[in-house]
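Q: Encoded as structure tokens, here's the structure I'll be asking about.
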Amino acid sequence: MVAVTGIGVISPHGDDPDRMFEALMRGESAVHPVFPQLARPAAAATLIFDESRWFTKLQLPGVDRVSQIAVAAASQAVADAGALDAAPERIGVYAGCGMGGAGALEAAYAAGLRGGRVPPLTVPAFMPNAPAAHVAIRHGVHGPVLTYSVACASSAVALAEAARAVRRGDVDVAIAGGAEALIVPGVVSAWQALQTLASPADGEAASACKPFAANRSGFVLGEGAAFLVLESAQRAQHRGARVHGRLAGSGLSCDATHLTKPDSAGQQRALRAALADAGVAAGDIGYCNAHGTATPIGDVVECDALRAVWGDAIDGLWVSSTKALHGHLLGAAGALEAVVTLLALREQRLPPNAHCESPDPRCAVRLVLQPLSSAERLNAAISSSFAFGGTNTVLVFKRA
Amino acid sequence: MSSLGDLQNIIREKYDIEPGALDPNLSMREQGLDSLAVAEFLFEVEDRLKLTLPDEHQQVETLAGLAALIDRLRAEQVA
């Protein structure tokens, strides 16, 4: 059994996981308008991040924002875990990242295509494996240092694979999570062009993302990083570590149908595989932190898949998508939402599915419409990530 | 004319390193400016001093050596 002994976040709701959770419980949105110069109104959940807390000026050349926040979040997780007592070659880093150093890439194109000079460190700054590499350098990690680039499921996959590596004994300790920082004008424009982003009405950016609501119109982008420290429960107990919860299992599948459209059968495969891997029945799961991107099609397909797998037990499953409040962190979404799910289990409280005044009747699941201090004992929960490209990842968490 | 002062100013602003902390006659790399930092530093130098360093700058190891190179380039610009 894999224990989570450290948590670190750099989130749109701040750097303290507990305060972030409280903000989510209060239904506070971190989403706000960005880039007024764009032709269409844009909104995103961004960070207030002071890189000088983590890097001297001498350490910053060639380090894009995405790597800066990865190091910050991973360092907080490692500090939270206490003395790891692991040999460097027995520690691994498993990081999810969808795009790599978007800021560095955009700056290079902006300069280079105008006939100007491209910054010399563009390549090491933008490469998607940079965040994991910087985490490894900062923490002296000599074991496997891997980057998973699976769009919206990147860091969920990273967590799943890290847990399996710990179970197999490839490593004693895994620093696992993800980072994404692509809120730059060119990239936001590209996302707008895809027509999956919510269209914020004037003055309503904060509530633009409405998962499972009848009047939903898509998601908003977010930036941030989240990392967990994973090790075997036995090892954690032996060194007297505080355990936040357990990553009890995971399930992966691929739709193999369409590059962007979600597929209920594919999601069902991942859900069932996760339950089987964790050795639990659907009815044992009290809460689902949904993928819930608030796209017209995606939310219906997700509920369809949940109903297919849960069957008669569906009414015992609480569901909420916290993307309404922290945005869609893409490559970091899986990791941040894993933290939210873990804290929900630890605190026995469920964050609301915000901005949903009128649920879509086709999304027939029990939504957390008000924040919940759970009456029934919540023992296990899942966090789902269903990505562009068709990879579906479901993580199962149990109480400590 | 010595460009050393200009270079030391750029280093102070960019890296918070005071002139006294970096010996201009010792290798920059050995004093903690790794190759990435040096690459970006040279880019900044070219930008701020409005000149293009020739390829031989790749062999310049010390701040004093770089300053001498820049002195020569500036003298050639004026001539």
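Chain identifiers are assigned as A, B, and so on, following the order in which chains appear in the structure tokens; residues are numbered from 1 within each chain, and ligands are numbered from 1 in order of appearance.
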Would you mind listing what lies within 10 Å of Ile70 (chain B) as a list in words, with only C-alpha atoms counted and same-chain residues fewer than 3 positions away left out?
A: Ser2, Ser3, Leu4, Leu7, Val45, Glu46, Leu49, Leu51, Thr52, Leu53, Pro54, His57, Ala64, Gly65, Leu66, Ala67, Leu73, Arg74, Ala75 and Glu76 of chain B
Q: Give as a short mmCIF file (atom, residue, chain, number, x, y, z; two decimals) with N, CA and C atoms, in the first residue's frame every residue of chain A that touches chain B within 7 Å, counting only C-alpha atoms.
A:
data_model
loop_
_atom_site.label_atom_id
_atom_site.label_comp_id
_atom_site.auth_asym_id
_atom_site.auth_seq_id
_atom_site.Cartn_x
_atom_site.Cartn_y
_atom_site.Cartn_z
N LYS A 57 19.23 34.83 -8.16
CA LYS A 57 19.26 35.31 -9.54
C LYS A 57 20.24 34.48 -10.38
N LEU A 58 21.26 33.97 -9.70
CA LEU A 58 22.27 33.18 -10.42
C LEU A 58 21.71 31.83 -10.85
N PRO A 61 18.81 31.76 -14.77
CA PRO A 61 18.96 31.70 -16.23
C PRO A 61 18.54 30.35 -16.80
N GLY A 62 17.68 30.41 -17.82
CA GLY A 62 17.25 29.18 -18.47
C GLY A 62 16.20 28.42 -17.71
N PRO A 120 19.48 32.65 -25.79
CA PRO A 120 20.29 31.44 -25.99
C PRO A 120 19.83 30.24 -25.18
N LEU A 121 19.09 30.46 -24.11
CA LEU A 121 18.71 29.34 -23.25
C LEU A 121 17.28 28.88 -23.50
#
Q: Which neighbours of Val34 (chain A) fall inside 6 Å, counting only C-alpha atoms, when residues of the same chain fewer than 2 positions from it are skipped, and could you give them as a ChimeraX atom specification?
A: /A:36,42-43
Q: B:Arg12, B:Gly5, B:Leu22, B:Ser27: which is nearest Thr62 (chain B), counting only C-alpha atoms?
A: B:Ser27
Q: Might you pull out every residue within 8 Å of Ala44 (chain A), with only C-alpha atoms counted and same-chain residues fewer than 5 positions away left off, and present them as a VMD selection string?
A: chain A and resid 31 to 34 183 220 to 222 327
Q: Can you spit out the residues from that selection as a PDB file, in the first residue's frame, using C-alpha atoms?
A:
ATOM      1  CA  VAL A  31     -10.441  32.892 -11.925  1.00  0.00           C
ATOM      2  CA  HIS A  32     -10.109  36.430 -13.284  1.00  0.00           C
ATOM      3  CA  PRO A  33      -9.835  38.240 -16.629  1.00  0.00           C
ATOM      4  CA  VAL A  34      -6.446  38.115 -18.361  1.00  0.00           C
ATOM      5  CA  ILE A 183      -0.933  31.471 -19.423  1.00  0.00           C
ATOM      6  CA  VAL A 220     -10.990  28.215 -17.937  1.00  0.00           C
ATOM      7  CA  LEU A 221      -7.228  27.696 -17.908  1.00  0.00           C
ATOM      8  CA  GLY A 222      -5.188  27.614 -14.739  1.00  0.00           C
ATOM      9  CA  GLY A 327      -9.308  26.368 -13.308  1.00  0.00           C
TER      10      GLY A 327
END
Q: Please identify all polymer residues within 9 Å of Glu51 (chain A), counting only C-alpha atoms, omitting same-chain residues fewer than 5 positions from it, and present them as number ranges by chain.
A: A: 56, 60, 65, 68-69, 72
Q: Once DSSP has gone over the backbone, tell me which residues of chain B are in helix (DSSP H, G or I), as a PDB file with C-alpha atoms, in the first residue's frame.
A:
ATOM      1  CA  LEU B   4      35.353  45.899 -16.877  1.00  0.00           C
ATOM      2  CA  GLY B   5      33.223  48.374 -14.954  1.00  0.00           C
ATOM      3  CA  ASP B   6      30.345  47.959 -17.408  1.00  0.00           C
ATOM      4  CA  LEU B   7      30.523  44.186 -17.110  1.00  0.00           C
ATOM      5  CA  GLN B   8      30.626  44.347 -13.319  1.00  0.00           C
ATOM      6  CA  ASN B   9      27.535  46.569 -13.330  1.00  0.00           C
ATOM      7  CA  ILE B  10      25.644  44.108 -15.492  1.00  0.00           C
ATOM      8  CA  ILE B  11      26.652  41.235 -13.189  1.00  0.00           C
ATOM      9  CA  ARG B  12      25.565  43.151 -10.126  1.00  0.00           C
ATOM     10  CA  GLU B  13      22.157  43.938 -11.630  1.00  0.00           C
ATOM     11  CA  LYS B  14      21.547  40.561 -13.151  1.00  0.00           C
ATOM     12  CA  TYR B  15      22.936  38.258 -10.454  1.00  0.00           C
ATOM     13  CA  PRO B  19      32.292  43.462  -8.099  1.00  0.00           C
ATOM     14  CA  GLY B  20      34.394  42.535  -5.094  1.00  0.00           C
ATOM     15  CA  ALA B  21      32.931  39.038  -5.022  1.00  0.00           C
ATOM     16  CA  ARG B  29      32.858  29.144 -14.359  1.00  0.00           C
ATOM     17  CA  GLU B  30      35.049  28.165 -11.443  1.00  0.00           C
ATOM     18  CA  GLN B  31      33.621  31.037  -9.423  1.00  0.00           C
ATOM     19  CA  SER B  35      27.696  27.744 -18.470  1.00  0.00           C
ATOM     20  CA  LEU B  36      23.981  28.623 -18.632  1.00  0.00           C
ATOM     21  CA  ALA B  37      24.498  31.766 -16.582  1.00  0.00           C
ATOM     22  CA  VAL B  38      27.510  32.772 -18.701  1.00  0.00           C
ATOM     23  CA  ALA B  39      25.599  32.196 -21.966  1.00  0.00           C
ATOM     24  CA  GLU B  40      22.774  34.429 -20.826  1.00  0.00           C
ATOM     25  CA  PHE B  41      25.241  36.977 -19.454  1.00  0.00           C
ATOM     26  CA  LEU B  42      26.979  37.284 -22.829  1.00  0.00           C
ATOM     27  CA  PHE B  43      23.591  37.710 -24.555  1.00  0.00           C
ATOM     28  CA  GLU B  44      22.789  40.521 -22.138  1.00  0.00           C
ATOM     29  CA  VAL B  45      26.220  42.112 -22.670  1.00  0.00           C
ATOM     30  CA  GLU B  46      25.680  42.195 -26.433  1.00  0.00           C
ATOM     31  CA  ASP B  47      22.216  43.680 -25.940  1.00  0.00           C
ATOM     32  CA  ARG B  48      23.230  46.385 -23.498  1.00  0.00           C
ATOM     33  CA  LEU B  49      26.571  47.372 -25.008  1.00  0.00           C
ATOM     34  CA  ASP B  55      33.204  33.551 -31.993  1.00  0.00           C
ATOM     35  CA  GLU B  56      36.489  33.812 -30.087  1.00  0.00           C
ATOM     36  CA  HIS B  57      34.411  34.863 -27.052  1.00  0.00           C
ATOM     37  CA  GLN B  58      33.735  31.178 -26.612  1.00  0.00           C
ATOM     38  CA  GLN B  59      37.301  30.853 -25.326  1.00  0.00           C
ATOM     39  CA  LEU B  63      35.927  38.682 -16.801  1.00  0.00           C
ATOM     40  CA  ALA B  64      39.152  40.559 -17.451  1.00  0.00           C
ATOM     41  CA  GLY B  65      39.601  38.658 -20.719  1.00  0.00           C
ATOM     42  CA  LEU B  66      36.070  39.518 -21.793  1.00  0.00           C
ATOM     43  CA  ALA B  67      36.608  43.179 -20.858  1.00  0.00           C
ATOM     44  CA  ALA B  68      39.775  43.303 -22.961  1.00  0.00           C
ATOM     45  CA  LEU B  69      37.926  41.801 -25.931  1.00  0.00           C
ATOM     46  CA  ILE B  70      35.151  44.360 -25.607  1.00  0.00           C
ATOM     47  CA  ASP B  71      37.678  47.204 -25.293  1.00  0.00           C
ATOM     48  CA  ARG B  72      39.146  46.092 -28.637  1.00  0.00           C
ATOM     49  CA  LEU B  73      35.716  45.865 -30.267  1.00  0.00           C
ATOM     50  CA  ARG B  74      34.762  49.313 -29.048  1.00  0.00           C
ATOM     51  CA  ALA B  75      38.050  50.770 -30.275  1.00  0.00           C
ATOM     52  CA  GLU B  76      37.424  49.198 -33.700  1.00  0.00           C
ATOM     53  CA  GLN B  77      33.909  50.640 -33.770  1.00  0.00           C
ATOM     54  CA  VAL B  78      35.253  54.138 -33.180  1.00  0.00           C
TER      55      VAL B  78
END
